[in-house]
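The structure file data18.csv is reproduced below (CSV, C-alpha atoms and all ligand atoms).
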```
chain,number,residue,atom,x,y,z
A,1,MET,CA,-166.5,7.0,-121.2
A,2,PHE,CA,-163.0,6.6,-119.8
A,3,LYS,CA,-162.4,3.2,-118.3
A,4,ILE,CA,-159.6,2.2,-116.0
A,5,THR,CA,-158.5,-1.1,-117.4
A,6,ASN,CA,-155.2,-2.2,-115.9
A,7,GLY,CA,-152.8,-1.9,-113.0
A,8,ILE,CA,-149.5,0.0,-112.9
A,9,SER,CA,-147.4,-3.0,-111.8
A,10,ASP,CA,-148.9,-5.1,-114.5
A,11,ALA,CA,-146.4,-6.5,-117.0
A,12,ARG,CA,-148.7,-5.8,-119.8
A,13,LEU,CA,-150.4,-2.6,-121.0
A,14,SER,CA,-150.5,-0.6,-117.7
A,15,LEU,CA,-152.3,2.5,-116.7
A,16,GLU,CA,-149.1,4.4,-117.1
A,17,ALA,CA,-149.0,3.2,-120.7
A,18,ALA,CA,-152.6,4.2,-121.1
A,19,PHE,CA,-151.7,7.7,-120.1
A,20,LEU,CA,-148.8,7.9,-122.5
A,21,ASP,CA,-151.1,7.0,-125.4
A,22,PRO,CA,-153.0,10.0,-126.9
A,23,ASP,CA,-155.8,7.5,-127.9
A,24,TYR,CA,-156.5,7.1,-124.3
A,25,TRP,CA,-156.5,10.8,-123.7
A,26,ASN,CA,-159.1,11.1,-126.3
A,27,GLU,CA,-161.3,8.8,-124.3
A,28,ILE,CA,-161.1,11.1,-121.3
A,29,ASP,CA,-164.1,13.2,-122.5
A,30,THR,CA,-165.3,15.0,-119.4
A,31,MET,CA,-163.8,16.8,-116.5
A,32,ALA,CA,-165.3,14.2,-114.3
A,33,ASP,CA,-163.3,11.5,-116.1
A,34,PHE,CA,-160.2,13.6,-115.7
A,35,ASN,CA,-160.8,14.1,-112.0
A,36,GLU,CA,-161.3,10.4,-111.6
A,37,ALA,CA,-158.0,9.7,-113.3
A,38,GLU,CA,-156.3,12.5,-111.3
A,39,LYS,CA,-157.5,11.0,-108.0
A,40,MET,CA,-156.0,7.6,-108.9
A,41,PHE,CA,-152.7,8.8,-110.2
A,42,GLY,CA,-152.2,12.3,-108.7
A,43,ALA,CA,-151.7,15.4,-110.8
A,44,LYS,CA,-147.9,15.1,-110.6
A,45,ARG,CA,-148.1,11.8,-112.4
A,46,LEU,CA,-150.6,12.8,-115.0
A,47,GLU,CA,-148.9,16.0,-116.0
A,48,PRO,CA,-145.6,14.6,-117.3
A,49,ALA,CA,-147.4,11.8,-119.0
A,50,ALA,CA,-149.6,14.3,-120.8
A,51,ARG,CA,-146.5,16.3,-121.9
A,52,ASP,CA,-144.7,13.1,-122.9
A,53,CYS,CA,-147.4,12.2,-125.4
A,54,GLY,CA,-147.5,15.8,-126.7
A,55,THR,CA,-151.1,16.1,-125.7
A,56,LEU,CA,-152.4,18.8,-123.3
A,57,HIS,CA,-155.5,18.2,-121.4
A,58,PRO,CA,-158.1,20.9,-120.5
A,59,ARG,CA,-156.6,21.2,-117.0
A,60,LEU,CA,-153.1,21.7,-118.5
A,61,GLY,CA,-154.0,23.7,-121.6
A,62,PRO,CA,-155.7,23.1,-124.9
A,63,LYS,CA,-156.0,19.5,-126.1
A,64,VAL,CA,-153.8,18.9,-129.1
A,65,HIS,CA,-153.9,15.6,-131.0
A,66,THR,CA,-150.4,14.4,-131.9
A,67,PRO,CA,-150.3,13.6,-135.6
A,68,SER,CA,-148.8,10.3,-136.8
A,69,SER,CA,-145.0,10.3,-136.9
A,70,SER,CA,-144.9,10.5,-140.7
A,71,ALA,CA,-147.0,13.6,-140.8
A,72,ARG,CA,-145.2,15.6,-138.1
A,73,ASP,CA,-143.9,19.0,-138.9
A,74,PRO,CA,-140.9,20.4,-137.0
A,75,MET,CA,-143.1,22.8,-135.0
A,76,THR,CA,-145.5,20.2,-133.8
A,77,PRO,CA,-145.0,19.0,-130.2
A,78,VAL,CA,-143.7,15.5,-130.5
A,79,PRO,CA,-143.4,12.9,-127.7
A,80,ARG,CA,-140.2,13.1,-125.7
A,81,MET,CA,-137.9,10.2,-126.8
A,82,ILE,CA,-138.9,7.2,-124.7
A,83,GLU,CA,-136.0,5.8,-122.7
A,84,ILE,CA,-135.9,2.2,-121.7
A,85,ASP,CA,-134.1,1.2,-118.5
A,86,TYR,CA,-131.9,-1.7,-119.8
A,87,GLU,CA,-131.0,-2.9,-116.3
A,88,LYS,CA,-134.7,-3.6,-115.7
A,89,VAL,CA,-135.1,-5.3,-119.1
A,90,ASN,CA,-132.1,-7.4,-118.2
A,91,ARG,CA,-133.4,-8.3,-114.7
A,92,TYR,CA,-136.8,-9.2,-116.2
A,93,TRP,CA,-135.3,-11.7,-118.7
A,94,GLU,CA,-132.8,-13.1,-116.1
A,95,GLU,CA,-135.8,-14.1,-114.0
A,96,ALA,CA,-138.0,-15.3,-116.9
A,97,THR,CA,-139.1,-18.9,-116.9
A,98,PRO,CA,-137.2,-20.7,-119.7
A,99,SER,CA,-140.3,-22.2,-121.3
A,100,ILE,CA,-142.1,-21.8,-124.6
A,101,LEU,CA,-144.7,-19.6,-122.9
A,102,GLY,CA,-142.2,-17.4,-121.0
A,103,PRO,CA,-140.5,-15.5,-123.9
A,104,TYR,CA,-143.9,-15.1,-125.5
A,105,MET,CA,-145.3,-13.4,-122.4
A,106,MET,CA,-148.0,-16.0,-122.2
A,107,ASP,CA,-147.5,-17.6,-118.8
A,108,ASP,CA,-149.9,-15.6,-116.6
A,109,PHE,CA,-153.2,-16.4,-118.3
A,110,GLY,CA,-154.0,-20.0,-117.4
A,111,PHE,CA,-153.4,-21.1,-121.0
A,112,PRO,CA,-152.4,-24.7,-121.7
A,113,ALA,CA,-148.7,-25.2,-122.8
A,114,SER,CA,-150.2,-26.3,-126.2
A,115,ALA,CA,-151.1,-22.6,-126.7
A,116,GLY,CA,-147.3,-21.8,-126.9
A,117,ASP,CA,-146.8,-24.7,-129.3
A,118,PHE,CA,-149.7,-23.6,-131.5
A,119,ARG,CA,-148.4,-20.1,-131.8
A,120,PHE,CA,-144.8,-21.2,-132.5
A,121,ARG,CA,-145.9,-23.7,-135.1
A,122,ALA,CA,-148.3,-21.3,-136.8
A,123,GLU,CA,-145.7,-18.5,-136.8
A,124,SER,CA,-143.0,-21.0,-138.1
A,125,ARG,CA,-145.2,-21.6,-141.1
A,126,ILE,CA,-145.3,-17.9,-141.8
A,127,VAL,CA,-141.5,-17.5,-141.3
A,128,ARG,CA,-140.9,-20.5,-143.6
A,129,ARG,CA,-143.0,-18.8,-146.3
A,130,LEU,CA,-141.3,-15.4,-145.9
A,131,THR,CA,-137.8,-17.0,-146.0
A,132,ARG,CA,-138.4,-19.5,-148.7
A,133,ASP,CA,-135.9,-17.7,-151.1
A,134,VAL,CA,-133.1,-17.7,-148.5
A,135,LYS,CA,-130.3,-20.1,-149.7
A,136,ARG,CA,-130.3,-23.5,-147.8
A,137,ASP,CA,-126.5,-23.2,-147.5
A,138,GLY,CA,-126.9,-19.7,-146.1
A,139,ALA,CA,-125.9,-18.2,-142.8
A,140,VAL,CA,-128.4,-17.0,-140.2
A,141,LEU,CA,-128.1,-14.6,-137.3
A,142,ASP,CA,-130.8,-14.8,-134.6
A,143,LEU,CA,-130.5,-11.9,-132.2
A,144,GLY,CA,-132.2,-12.0,-128.8
A,145,SER,CA,-132.9,-15.6,-129.3
A,146,GLY,CA,-134.3,-16.5,-125.9
A,147,ILE,CA,-134.4,-20.2,-125.3
A,148,GLY,CA,-133.6,-20.8,-128.9
A,149,VAL,CA,-136.7,-22.3,-130.4
A,150,TRP,CA,-136.3,-20.2,-133.5
A,151,ALA,CA,-132.5,-20.8,-133.7
A,152,GLU,CA,-133.1,-24.5,-133.5
A,153,GLY,CA,-135.6,-24.3,-136.4
A,154,PHE,CA,-133.1,-22.3,-138.4
A,155,ALA,CA,-130.3,-24.9,-137.7
A,156,ARG,CA,-132.5,-27.6,-139.2
A,157,ARG,CA,-133.0,-25.6,-142.4
A,158,PHE,CA,-129.8,-23.6,-142.9
A,159,SER,CA,-126.0,-24.3,-142.9
A,160,LEU,CA,-124.9,-22.0,-140.2
A,161,VAL,CA,-126.7,-20.3,-137.3
A,162,THR,CA,-125.4,-17.8,-134.8
A,163,ALA,CA,-127.7,-17.1,-131.9
A,164,VAL,CA,-127.1,-14.2,-129.4
A,165,GLU,CA,-128.9,-13.9,-126.1
A,166,ARG,CA,-128.1,-11.7,-123.1
A,167,SER,CA,-130.0,-13.4,-120.3
A,168,ARG,CA,-127.7,-16.0,-118.6
A,169,ASN,CA,-130.8,-18.0,-117.6
A,170,LEU,CA,-132.3,-18.2,-121.1
A,171,PHE,CA,-128.8,-18.6,-122.7
A,172,GLU,CA,-128.2,-21.8,-120.6
A,173,SER,CA,-131.5,-23.2,-121.9
A,174,LEU,CA,-130.5,-22.1,-125.5
A,175,GLN,CA,-127.2,-23.9,-125.1
A,176,ARG,CA,-128.8,-27.1,-124.0
A,177,ARG,CA,-131.3,-27.0,-126.9
A,178,CYS,CA,-128.6,-26.3,-129.4
A,179,SER,CA,-126.1,-28.9,-128.3
A,180,PRO,CA,-127.3,-31.5,-130.9
A,181,TYR,CA,-126.7,-29.0,-133.7
A,182,PRO,CA,-123.0,-28.6,-134.6
A,183,ASN,CA,-124.0,-25.8,-137.1
A,184,LEU,CA,-125.4,-23.7,-134.3
A,185,ARG,CA,-123.2,-21.3,-132.4
A,186,PRO,CA,-124.8,-19.8,-129.3
A,187,ILE,CA,-123.2,-16.6,-128.0
A,188,HIS,CA,-123.9,-15.1,-124.5
A,189,GLY,CA,-123.9,-11.3,-124.9
A,190,ASP,CA,-125.6,-8.1,-125.6
A,191,VAL,CA,-126.8,-7.5,-129.2
A,192,LEU,CA,-125.7,-3.8,-128.9
A,193,THR,CA,-122.0,-4.8,-128.3
A,194,PHE,CA,-122.0,-7.9,-130.5
A,195,GLU,CA,-119.7,-7.5,-133.5
A,196,PRO,CA,-120.8,-9.7,-136.4
A,197,ASP,CA,-117.7,-11.5,-137.8
A,198,ALA,CA,-119.5,-12.9,-140.9
A,199,ARG,CA,-122.0,-12.0,-143.6
A,200,TYR,CA,-125.5,-13.3,-143.2
A,201,ASP,CA,-128.3,-14.3,-145.6
A,202,LEU,CA,-130.9,-14.0,-143.0
A,203,VAL,CA,-131.0,-11.9,-139.8
A,204,PHE,CA,-133.9,-12.7,-137.5
A,205,LEU,CA,-135.1,-10.2,-134.9
A,206,GLY,CA,-137.9,-11.9,-133.0
A,207,GLY,CA,-139.4,-9.6,-130.4
A,208,LEU,CA,-136.2,-7.7,-129.7
A,209,LEU,CA,-136.6,-4.2,-131.1
A,210,MET,CA,-139.2,-3.2,-128.5
A,211,TYR,CA,-136.5,-3.5,-125.7
A,212,LEU,CA,-134.2,-1.0,-127.5
A,213,ASN,CA,-134.1,2.7,-127.3
A,214,GLU,CA,-134.5,4.3,-130.7
A,215,ARG,CA,-130.9,5.5,-131.1
A,216,ASP,CA,-129.6,2.0,-130.2
A,217,LEU,CA,-132.1,0.4,-132.5
A,218,ILE,CA,-130.9,2.6,-135.3
A,219,ALA,CA,-127.2,1.9,-134.5
A,220,LEU,CA,-127.9,-1.9,-134.4
A,221,LEU,CA,-129.8,-1.9,-137.7
A,222,ARG,CA,-127.1,0.1,-139.4
A,223,LYS,CA,-124.5,-2.4,-138.1
A,224,LEU,CA,-126.6,-5.2,-139.5
A,225,VAL,CA,-127.2,-3.6,-142.9
A,226,ARG,CA,-123.4,-3.8,-143.4
A,227,CYS,CA,-123.3,-7.6,-142.8
A,228,ILE,CA,-126.2,-8.8,-145.0
A,229,GLU,CA,-125.2,-10.8,-148.0
A,230,PRO,CA,-126.4,-9.3,-151.3
A,231,GLY,CA,-130.0,-10.5,-151.7
A,232,GLY,CA,-130.2,-11.4,-148.0
A,233,MET,CA,-132.9,-10.2,-145.7
A,234,ILE,CA,-133.7,-9.0,-142.2
A,235,LEU,CA,-136.9,-10.5,-140.8
A,236,CYS,CA,-138.4,-8.8,-137.8
A,237,ARG,CA,-141.3,-10.1,-135.8
A,238,GLU,CA,-142.4,-7.2,-133.6
A,239,SER,CA,-145.2,-6.2,-131.3
A,240,THR,CA,-147.0,-3.1,-132.5
A,241,VAL,CA,-149.7,-0.6,-131.5
A,242,ARG,CA,-152.1,1.2,-133.8
A,243,GLY,CA,-151.6,4.8,-132.5
A,244,ASN,CA,-148.6,6.5,-131.0
A,245,ALA,CA,-145.8,4.5,-129.3
A,246,VAL,CA,-146.7,3.2,-125.8
A,247,ALA,CA,-144.1,2.7,-123.2
A,248,LEU,CA,-144.3,0.5,-120.1
A,249,ARG,CA,-142.1,1.8,-117.4
A,250,GLY,CA,-142.6,-0.5,-114.5
A,251,ASP,CA,-140.5,-3.6,-113.8
A,252,TYR,CA,-141.3,-4.7,-117.3
A,253,GLN,CA,-139.8,-2.0,-119.6
A,254,VAL,CA,-140.7,-2.0,-123.3
A,255,VAL,CA,-141.7,0.3,-126.1
A,256,TYR,CA,-144.5,-0.7,-128.4
A,257,ARG,CA,-144.1,1.2,-131.6
A,258,SER,CA,-146.5,1.5,-134.5
A,259,VAL,CA,-145.9,0.1,-138.0
A,260,SER,CA,-145.4,3.7,-139.3
A,261,ASP,CA,-142.8,4.3,-136.5
A,262,TYR,CA,-140.9,1.2,-137.7
A,263,ARG,CA,-141.3,2.3,-141.4
A,264,ARG,CA,-139.6,5.6,-140.4
A,265,ILE,CA,-136.8,3.9,-138.4
A,266,PHE,CA,-136.1,1.3,-141.1
A,267,GLY,CA,-136.0,4.0,-143.7
A,268,GLN,CA,-133.3,5.9,-141.7
A,269,CYS,CA,-131.1,2.8,-141.6
A,270,GLY,CA,-131.1,2.2,-145.4
A,271,LEU,CA,-133.6,-0.6,-145.2
A,272,THR,CA,-136.6,-1.0,-147.5
A,273,ILE,CA,-139.7,-2.8,-146.3
A,274,ARG,CA,-140.5,-5.5,-148.9
A,275,HIS,CA,-143.4,-6.9,-147.1
A,276,VAL,CA,-145.4,-6.3,-143.9
A,277,GLU,CA,-147.9,-8.8,-142.6
A,278,ARG,CA,-149.9,-8.9,-139.4
A,279,ASN,CA,-149.0,-11.9,-137.2
A,280,GLU,CA,-152.4,-13.6,-136.9
A,281,PRO,CA,-151.4,-16.4,-134.5
A,282,TYR,CA,-150.0,-13.7,-132.2
A,283,VAL,CA,-153.2,-11.7,-132.5
A,284,LEU,CA,-155.3,-14.7,-131.6
A,285,ILE,CA,-153.3,-15.4,-128.4
A,286,GLU,CA,-153.3,-11.7,-127.6
A,287,MET,CA,-157.1,-11.6,-127.9
A,288,GLY,CA,-157.1,-14.4,-125.3
A,289,SER,CA,-154.7,-12.6,-123.0
A,290,GLU,CA,-156.7,-9.4,-123.1
A,291,LEU,CA,-160.0,-11.2,-122.5
A,292,VAL,CA,-158.5,-13.1,-119.5
A,293,GLU,CA,-157.0,-9.9,-118.3
A,294,LYS,CA,-160.5,-8.3,-118.3
A,295,TRP,CA,-161.8,-11.3,-116.4
A,296,ARG,CA,-159.1,-10.9,-113.8
A,297,LYS,CA,-159.9,-7.3,-113.3
A,298,THR,CA,-163.6,-7.8,-112.9
A,299,VAL,CA,-163.9,-11.0,-110.9
A,300,PRO,CA,-162.6,-11.3,-107.3
A,301,ALA,CA,-159.4,-13.4,-107.0
A,302,ARG,CA,-161.0,-16.3,-105.2
A,303,PHE,CA,-163.6,-16.8,-108.0
A,304,GLN,CA,-161.3,-16.4,-110.9
A,305,VAL,CA,-160.5,-20.1,-111.6
A,306,LEU,CA,-157.8,-18.8,-114.0
A,307,ARG,CA,-156.6,-22.2,-115.3
A,308,ALA,CA,-160.2,-23.2,-116.3
A,309,ILE,CA,-160.9,-19.7,-117.8
A,310,GLY,CA,-157.5,-19.6,-119.6
A,311,HIS,CA,-158.1,-23.1,-121.1
A,312,LEU,CA,-161.7,-22.2,-122.1
A,313,THR,CA,-160.7,-18.9,-123.7
A,314,TYR,CA,-157.8,-20.4,-125.6
A,315,PHE,CA,-159.7,-23.4,-126.9
A,316,GLY,CA,-162.8,-21.2,-127.8
A,317,LEU,CA,-160.6,-18.8,-129.8
A,318,ARG,CA,-158.7,-21.7,-131.4
A,319,LEU,CA,-162.1,-23.1,-132.7
A,320,GLY,CA,-162.6,-19.8,-134.5
A,321,TYR,CA,-159.1,-19.5,-135.9
A,322,PRO,CA,-158.2,-18.0,-138.4
A,323,TRP,CA,-161.4,-16.0,-139.2
A,324,ILE,CA,-162.0,-14.9,-135.6
A,325,THR,CA,-159.0,-12.5,-135.6
A,326,ARG,CA,-160.5,-10.7,-138.6
A,327,ILE,CA,-163.8,-9.9,-136.9
A,328,PRO,CA,-162.7,-6.9,-134.7
A,329,LYS,CA,-160.9,-5.5,-137.7
A,330,ALA,CA,-163.9,-5.9,-140.0
A,331,LEU,CA,-166.1,-4.2,-137.3
A,332,GLY,CA,-163.5,-1.3,-136.9
A,333,ILE,CA,-162.9,-2.3,-133.2
A,334,ALA,CA,-159.3,-1.7,-132.0
A,335,PHE,CA,-159.0,-5.1,-130.3
A,336,PRO,CA,-156.7,-6.5,-129.3
A,337,ARG,CA,-154.8,-3.4,-128.2
A,338,LEU,CA,-151.4,-5.0,-128.9
A,339,GLU,CA,-150.7,-6.4,-132.4
A,340,ASN,CA,-147.7,-7.9,-133.9
A,341,HIS,CA,-146.2,-7.7,-137.4
A,342,PHE,CA,-143.6,-9.4,-139.6
A,343,PHE,CA,-141.4,-7.0,-141.6
A,344,VAL,CA,-139.3,-8.3,-144.4
A,345,LEU,CA,-136.4,-5.9,-145.0
A,346,ARG,CA,-133.8,-5.6,-147.6
A,347,ALA,CA,-130.8,-3.3,-147.7
A,348,ASP,CA,-131.5,-0.5,-150.1
A,349,ALA,CA,-128.4,-1.4,-152.2
A,350,SER,CA,-129.4,-5.1,-152.7
B,401,LIG,C1,-139.6,-11.6,-126.3
B,401,LIG,S1,-138.1,-12.5,-126.1
B,401,LIG,C2,-138.0,-13.2,-127.7
B,401,LIG,C3,-137.2,-14.5,-127.7
B,401,LIG,C4,-137.1,-15.1,-129.1
B,401,LIG,N1,-136.5,-14.3,-130.1
B,401,LIG,C5,-138.4,-15.6,-129.5
B,401,LIG,O1,-139.0,-15.1,-130.4
B,401,LIG,O2,-138.9,-16.6,-128.9
B,401,LIG,C6,-136.9,-11.2,-126.2
B,401,LIG,C7,-135.5,-11.7,-125.9
B,401,LIG,O3,-134.5,-10.7,-126.2
B,401,LIG,C8,-133.5,-10.8,-125.3
B,401,LIG,N2,-132.9,-9.4,-125.2
B,401,LIG,C9,-133.4,-8.3,-124.9
B,401,LIG,N3,-132.5,-7.3,-125.0
B,401,LIG,C10,-131.3,-7.9,-125.4
B,401,LIG,C11,-130.0,-7.4,-125.7
B,401,LIG,N4,-129.7,-6.1,-125.6
B,401,LIG,N5,-129.1,-8.3,-126.1
B,401,LIG,C12,-129.4,-9.6,-126.2
B,401,LIG,N6,-130.6,-10.1,-125.9
B,401,LIG,C13,-131.6,-9.2,-125.5
B,401,LIG,C14,-134.2,-11.1,-124.0
B,401,LIG,O4,-133.3,-11.6,-123.0
B,401,LIG,C15,-135.2,-12.2,-124.5
B,401,LIG,O5,-134.7,-13.4,-124.5
```
Target encoding structure tokens, full file:
Amino acid sequence: MFKITNGISDARLSLEAAFLDPDYWNEIDTMADFNEAEKMFGAKRLEPAARDCGTLHPRLGPKVHTPSSSARDPMTPVPRMIEIDYEKVNRYWEEATPSILGPYMMDDFGFPASAGDFRFRAESRIVRRLTRDVKRDGAVLDLGSGIGVWAEGFARRFSLVTAVERSRNLFESLQRRCSPYPNLRPIHGDVLTFEPDARYDLVFLGGLLMYLNERDLIALLRKLVRCIEPGGMILCRESTVRGNAVALRGDYQVVYRSVSDYRRIFGQCGLTIRHVERNEPYVLIEMGSELVEKWRKTVPARFQVLRAIGHLTYFGLRLGYPWITRIPKALGIAFPRLENHFFVLRADAS
């Protein structure tokens, strides 16, 4: 049975996103479901969405399932290239709260601030493990560095760190955070126009790729491949989905790609994936976010007590960490909808 789960203006997985994802089309089993959806969105809105995901609904023609990107043949309808409105991305991050929760998209769920600290510390341990072979006297480039929590961590471990951030608001916070570190150079600018003036042992891309159109992403990665030291790595930490790419097109513009989409893109840029790992701390917090989201959708606003529910959800999940994130997977349940992965990449030549 098809379920309406979210709102269009929502900064997270919106209804529009649901209709761009063929997995959701597959949930629309009956004409009654389709009519219900049509009533809510209007046929005009549904039709392009259906075409975008390469899936045709009974009303529009035969239903065709879009194969995964790696299996596509040239004759198969493929989703139209998703275009992100960079101005909207920019506006969103200009207005973002410069806190540990803000850049992690965690500030609307009633979670305690310690949830952001937990996630950062747990992810830091993973990053430390994945980068343990990077030379201590090496140079690091952190692109889309937000308020600079990662850049600061790198400055403590490595000789030289360059951090690039486009949002003026977050950049000012990054500058303040970085002032005690003479080895950290903050740059206010767009990663797409940034010209690296050095070679790097580690390039960190933490939650940046999802804000870039595919051709810009490819151009950026190709630029980065040329400035990685022999034996150096690119480390991405990126939000992912299981099926086809999902785009949010409201005030919060983003493309969530699948691991296989990233595999294809990295391959096109001369990068080899040495290691992929699901980001379990992220998944834990995302489980909490999606549960709180469901609560918000079902309970009238005046009874929501969001702070209490957010705290309860977070501490409940924390008690079950790390095994709790593995339960949906073991049961074959696609929850949470949004995941996150670390990708360790090396230039093909190195
Ligand atoms: C999800 S936040 C991640 C921040 C940080 N890397 C972290 O992991 O905490 C994404 C960041 O990328 C920045 N960003 C997005 N597009 C950018 C671009 N084209 N150039 C520079 N920064 C960009 C945003 O302003 C935001 O600070």
Practice problem: Output the neighbourhood of ligand LIG 401 (chain B) as a list in words, that is, all protein and nucleic acid residues with some atom at most 6 Å from the ligand, counting only C-alpha atoms and all ligand atoms. | Solution: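 Protein and nucleic-acid residues within 6 Å of ligand LIG 401 (chain B): Trp93, Pro103, Tyr104, Gly144, Ser145, Gly146, Glu165, Arg166, Ser167, Gly189, Asp190, Val191, Leu192, Gly206, Gly207, Leu208 and Tyr211 of chain A.
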Quiz prompt | Best match for closeness to Met210 in chain A among A:Leu284, A:Leu170, A:Leu224, A:Leu248, counting all atoms listed in the file | solution = A:Leu248
Quiz prompt | A:Arg318, A:Lys297, A:Arg278, A:Arg168 ranked by distance to Val241 in chain A, top pick (using all atoms listed in the file) | solution = A:Arg278
Exercise. Find the spatial neighbours of Leu130 in chain A, counting all atoms listed in the file, within a cut-off of 10 Å - ignore same-chain residues fewer than 4 positions away - and output them as a PyMOL selection string.
Key: chain A and resi 124-126+134+233+235+275+277+342-344
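Proximity to Phe194 in chain A at 10 Å, evaluated using all atoms listed in the file and with sequence-adjacent residues fewer than 5 positions away removed, yields Leu143, Val164, Ile187, His188, Gly189, Leu220 and Lys223 of chain A.
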Quiz item: Could you name the residues that touch Glu339 in chain A at 8 Å or less, counting all atoms listed in the file, but leaving out those on the same chain fewer than 6 positions away, as a list in words?
Solution: Ser239, Thr240, Val241, Arg242, Arg278, Asn279, Tyr282, Val283 and Glu286 of chain A
For Tyr321 in chain A: contacts at 12 Å, only C-alpha atoms, fewer than 3 positions along chain excluded, given as a PDB file with C-alpha atoms, in the coordinates of the input:
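selection.pdb was written with the following content:
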```pdb
ATOM      1  CA  PHE A 118    -149.700 -23.600-131.500  1.00  0.00           C
ATOM      2  CA  ARG A 119    -148.400 -20.100-131.800  1.00  0.00           C
ATOM      3  CA  ALA A 122    -148.300 -21.300-136.800  1.00  0.00           C
ATOM      4  CA  GLU A 280    -152.400 -13.600-136.900  1.00  0.00           C
ATOM      5  CA  PRO A 281    -151.400 -16.400-134.500  1.00  0.00           C
ATOM      6  CA  TYR A 282    -150.000 -13.700-132.200  1.00  0.00           C
ATOM      7  CA  VAL A 283    -153.200 -11.700-132.500  1.00  0.00           C
ATOM      8  CA  LEU A 284    -155.300 -14.700-131.600  1.00  0.00           C
ATOM      9  CA  ILE A 285    -153.300 -15.400-128.400  1.00  0.00           C
ATOM     10  CA  MET A 287    -157.100 -11.600-127.900  1.00  0.00           C
ATOM     11  CA  GLY A 288    -157.100 -14.400-125.300  1.00  0.00           C
ATOM     12  CA  TYR A 314    -157.800 -20.400-125.600  1.00  0.00           C
ATOM     13  CA  PHE A 315    -159.700 -23.400-126.900  1.00  0.00           C
ATOM     14  CA  GLY A 316    -162.800 -21.200-127.800  1.00  0.00           C
ATOM     15  CA  LEU A 317    -160.600 -18.800-129.800  1.00  0.00           C
ATOM     16  CA  ARG A 318    -158.700 -21.700-131.400  1.00  0.00           C
ATOM     17  CA  ILE A 324    -162.000 -14.900-135.600  1.00  0.00           C
ATOM     18  CA  THR A 325    -159.000 -12.500-135.600  1.00  0.00           C
ATOM     19  CA  ARG A 326    -160.500 -10.700-138.600  1.00  0.00           C
ATOM     20  CA  ILE A 327    -163.800  -9.900-136.900  1.00  0.00           C
TER      21      ILE A 327
END
```
Practice problem: Find, counting all atoms listed in the file, the residue in A:Asp108, A:Arg215, A:Gly116, A:Cys178 that gets nearest to Arg307 in chain A. | Solution: A:Asp108
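Between CA of Arg128 in chain A and CA of Val161 in chain A there is a distance of 15.5 Å.
As for CA of Glu293 in chain A and CA of Phe111 in chain A, they are spaced 12.1 Å apart.
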Quiz item: So, counting all atoms listed in the file, which residue among A:Phe204, A:Glu152, A:Phe109, A:Gly138 is closest to Arg237 in chain A?
Solution: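 Ranked by minimum distance to Arg237 in chain A, first place goes to A:Phe204.
The list of residues with at least one atom within 12 Å of Pro230 in chain A, based on all atoms listed in the file and without residues fewer than 3 positions apart in the same chain, reads Val134, Lys135, Gly138, Arg199, Tyr200, Asp201, Leu202, Val225, Arg226, Cys227, Met233, Ile234, Arg346, Ala347, Asp348, Ala349 and Ser350 of chain A.
Pairwise distance (CA of Leu291 in chain A, CA of Leu209 in chain A) equals 25.9 Å.
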Output file request: range 160-170 of chain A, with N, CA and C atoms, as a short mmCIF file (atom, residue, chain, number, x, y, z; two decimals), in the first residue's frame.
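Final file, selection.cif:
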```
data_model
loop_
_atom_site.label_atom_id
_atom_site.label_comp_id
_atom_site.auth_asym_id
_atom_site.auth_seq_id
_atom_site.Cartn_x
_atom_site.Cartn_y
_atom_site.Cartn_z
N LEU A 160 49.86 20.34 7.48
CA LEU A 160 49.28 21.48 6.79
C LEU A 160 47.86 21.16 6.34
N VAL A 161 46.93 22.06 6.63
CA VAL A 161 45.54 21.81 6.23
C VAL A 161 45.00 23.04 5.50
N THR A 162 44.36 22.81 4.36
CA THR A 162 43.66 23.89 3.65
C THR A 162 42.18 23.54 3.69
N ALA A 163 41.35 24.48 4.12
CA ALA A 163 39.92 24.23 4.24
C ALA A 163 39.16 25.25 3.40
N VAL A 164 38.30 24.76 2.50
CA VAL A 164 37.56 25.66 1.61
C VAL A 164 36.07 25.58 1.93
N GLU A 165 35.45 26.74 2.13
CA GLU A 165 34.02 26.78 2.45
C GLU A 165 33.39 27.98 1.75
N ARG A 166 32.21 27.77 1.15
CA ARG A 166 31.59 28.85 0.39
C ARG A 166 30.65 29.72 1.21
N SER A 167 29.98 29.14 2.20
CA SER A 167 29.03 29.95 2.99
C SER A 167 29.80 30.93 3.87
N ARG A 168 29.54 32.21 3.71
CA ARG A 168 30.22 33.26 4.49
C ARG A 168 30.00 33.03 5.99
N ASN A 169 28.76 32.69 6.31
CA ASN A 169 28.37 32.47 7.68
C ASN A 169 29.18 31.33 8.33
N LEU A 170 29.24 30.19 7.65
CA LEU A 170 29.97 29.04 8.19
C LEU A 170 31.47 29.30 8.14
#
```
